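What follows is a short report on a single structure.
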Amino acid sequence: MIRHARVLPVLLLAPLLLTACGSEKAGDPGPSGPAPAAAPGTGELASRAQALGVAPELVYVTEAPGFTLAQQSVGVLGDDGFSATWVDGDTNALLRLAVDRGTITAGTCPEQPVGDMSGERTTCARDGDAWYRTGAGRHEYALPEEGHVVRVSAEKDAVPRDVLRAAALAAHRPDAAETDRLLPSADPVPATPVERGDLPPFGDGAPDNHVDVGG
């Protein structure tokens with residue numbers, strides 16, 4: 001007896017072929033594909049921050065219309081915190097960004113002075129996830145983060161509250177380009193030898209203090 005081979009319908013055969021060949025989409029990396037790229041600027045940020053004495057996770061940057069970074073203000077705050085100031089080119093008003101370890105709650109907020117002005121009374125008001133704080137003629141927005149607090153402060157008469165709030169909410173971890181503008185290079189600048197024109201090319205090299213006739 002001749003047995004007839006059973007032929008699978010085309011509609012049933014197609015899924016089986018896809019399963020046998022693998023279900024990945026074209027262009028998708030398989031399990032052994034390349035690992036995700038590291039966050040932009042992470043390595044450079046770490047080396048520059050550590051050379052400055054700042055913990056890399058405490059480095060933030062912000063922005064506000066009309067304000068530019070005062071490069072000479074960038075530095076360490078406390079043990080390993082971060083501080084930088086932005087200046088309004090028209091009014092010379094200052095926005096100070098400060099990031100340090102710790103936390104802030106309804107109980108501790110009044111105990112923490114605004115802008116490091118100890119001995120002054122501090123008032124606190126909740127504003128979303130942040131605290132709006134005033135004291136000693138200054139005001140500040142403080143944003144609690146994981147293990148640290150980001151603060152943006154200014155003189156109350158110089159910077160309106162809405163500008164201060166926007167700058168605080170704009171605070172973020174810098175990317176590679178922002179890191180390059182914000183932090184000085186970790187490579188030390190080679191010292192340039194100073195040429196002394198009064199040193200004679202002979203003897204012990206002492207300065208030539210010879211006085212001409214007549215003094």
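Identifiers for the structure tokens are assigned positionally: chains receive A, B, ... in sequence, residues are indexed from 1 per chain, and ligands are indexed from 1 in the order shown.
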
- Compile the contact shell of Phe82 in chain A as a list in words: residues with an atom at most 7 Å away, counting only C-alpha atoms, same-chain residues fewer than 6 positions apart removed.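 Surrounding residues, per the criterion: Val54, Leu58, Val59, Gly75, Val76, Ala98, Val99 and Asp100 of chain A.
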
Taking only C-alpha atoms into account, produce a table as a Markdown table in which each residue of range 53-148 of chain A with an atom at most 10 Å from an atom of range 176-190 of chain A appears once, together with its shortest atom pair and the distance in Å to one decimal, ordered by chain and rising number.
| residue | atom | partner | partner_atom | distance |
| --- | --- | --- | --- | --- |
| A:Val59 | CA | A:Thr179 | CA | 9.1 |
| A:Tyr60 | CA | A:Leu182 | CA | 9.2 |
| A:Val61 | CA | A:Leu182 | CA | 7.7 |
| A:Thr62 | CA | A:Glu178 | CA | 9.8 |
| A:Leu69 | CA | A:Leu182 | CA | 7.9 |
| A:Ala70 | CA | A:Leu182 | CA | 9.4 |
| A:Gln71 | CA | A:Leu182 | CA | 7.1 |
| A:Gln72 | CA | A:Pro184 | CA | 9.7 |
| A:Val74 | CA | A:Leu183 | CA | 7.2 |
| A:Gly75 | CA | A:Leu183 | CA | 8.6 |
| A:Ala84 | CA | A:Leu182 | CA | 8.8 |

Residues just named, written with all heavy atoms as a compact mmCIF listing (two decimals), in the first residue's frame:
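Once written, out30.txt looks like this:
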# COMPACT_ATOMS: atom_id res chain seq x y z
N VAL A 59 28.05 66.66 41.97
CA VAL A 59 28.23 67.72 40.96
C VAL A 59 26.93 67.91 40.18
O VAL A 59 26.40 66.97 39.59
CB VAL A 59 29.38 67.37 40.00
CG1 VAL A 59 29.50 68.44 38.91
CG2 VAL A 59 30.69 67.23 40.76
N TYR A 60 26.43 69.13 40.21
CA TYR A 60 25.22 69.50 39.46
C TYR A 60 25.49 70.77 38.66
O TYR A 60 26.46 71.48 38.91
CB TYR A 60 24.05 69.76 40.42
CG TYR A 60 23.33 68.51 40.89
CD1 TYR A 60 23.92 67.64 41.79
CD2 TYR A 60 22.04 68.21 40.44
CE1 TYR A 60 23.26 66.50 42.24
CE2 TYR A 60 21.37 67.08 40.88
CZ TYR A 60 21.99 66.22 41.78
OH TYR A 60 21.33 65.10 42.21
N VAL A 61 24.61 71.04 37.73
CA VAL A 61 24.68 72.26 36.95
C VAL A 61 23.26 72.78 36.78
O VAL A 61 22.29 72.02 36.88
CB VAL A 61 25.33 71.98 35.56
CG1 VAL A 61 24.43 71.10 34.70
CG2 VAL A 61 25.67 73.27 34.84
N THR A 62 23.12 74.09 36.57
CA THR A 62 21.79 74.66 36.36
C THR A 62 21.89 75.73 35.29
O THR A 62 22.96 75.98 34.72
CB THR A 62 21.22 75.24 37.66
OG1 THR A 62 19.84 75.59 37.46
CG2 THR A 62 21.98 76.47 38.11
N LEU A 69 27.88 81.18 34.09
CA LEU A 69 28.71 80.60 35.14
C LEU A 69 29.93 81.48 35.42
O LEU A 69 30.63 81.88 34.49
CB LEU A 69 29.15 79.20 34.73
CG LEU A 69 30.15 78.50 35.66
CD1 LEU A 69 29.49 78.15 36.98
CD2 LEU A 69 30.71 77.25 34.98
N ALA A 70 30.18 81.74 36.70
CA ALA A 70 31.42 82.38 37.12
C ALA A 70 32.42 81.26 37.40
O ALA A 70 32.37 80.62 38.44
CB ALA A 70 31.19 83.22 38.37
N GLN A 71 33.31 81.01 36.43
CA GLN A 71 34.19 79.85 36.49
C GLN A 71 35.03 79.81 37.76
O GLN A 71 35.27 78.74 38.34
CB GLN A 71 35.10 79.84 35.26
CG GLN A 71 35.92 78.56 35.11
CD GLN A 71 35.05 77.34 34.85
OE1 GLN A 71 34.25 77.36 33.92
NE2 GLN A 71 35.21 76.29 35.64
N GLN A 72 35.46 80.97 38.24
CA GLN A 72 36.32 81.01 39.42
C GLN A 72 35.57 80.63 40.70
O GLN A 72 36.19 80.38 41.73
CB GLN A 72 36.95 82.40 39.59
CG GLN A 72 35.97 83.51 39.96
CD GLN A 72 35.30 84.13 38.75
OE1 GLN A 72 35.30 83.56 37.67
NE2 GLN A 72 34.72 85.30 38.94
N VAL A 74 33.63 77.93 41.04
CA VAL A 74 33.45 76.48 41.12
C VAL A 74 34.44 75.90 42.13
O VAL A 74 35.65 76.16 42.05
CB VAL A 74 33.65 75.82 39.74
CG1 VAL A 74 33.57 74.31 39.85
CG2 VAL A 74 32.62 76.36 38.75
N GLY A 75 33.92 75.12 43.07
CA GLY A 75 34.82 74.56 44.07
C GLY A 75 34.13 73.59 45.00
O GLY A 75 32.96 73.26 44.84
N ALA A 84 28.86 76.37 43.08
CA ALA A 84 29.16 77.20 41.91
C ALA A 84 28.17 78.36 41.88
O ALA A 84 27.07 78.26 42.43
CB ALA A 84 29.09 76.39 40.63

- Per DSSP on the backbone, what are the strand (DSSP E) residues of range 75-165 of chain A, as a PyMOL selection string? chain A and resi 75-77+81-88+94-101+123-127+130-135+138-144+148-155

- Contacts of range 142-147 of chain A within 9 Å, only C-alpha atoms, excl. fewer than 6 positions in-chain, as a PyMOL selection string: chain A and resi 100-105+129-133+153+168-169

- Picked from range 24-172 of chain A by DSSP as alpha helix (DSSP H), as a PyMOL selection string: chain A and resi 42-52+161-169
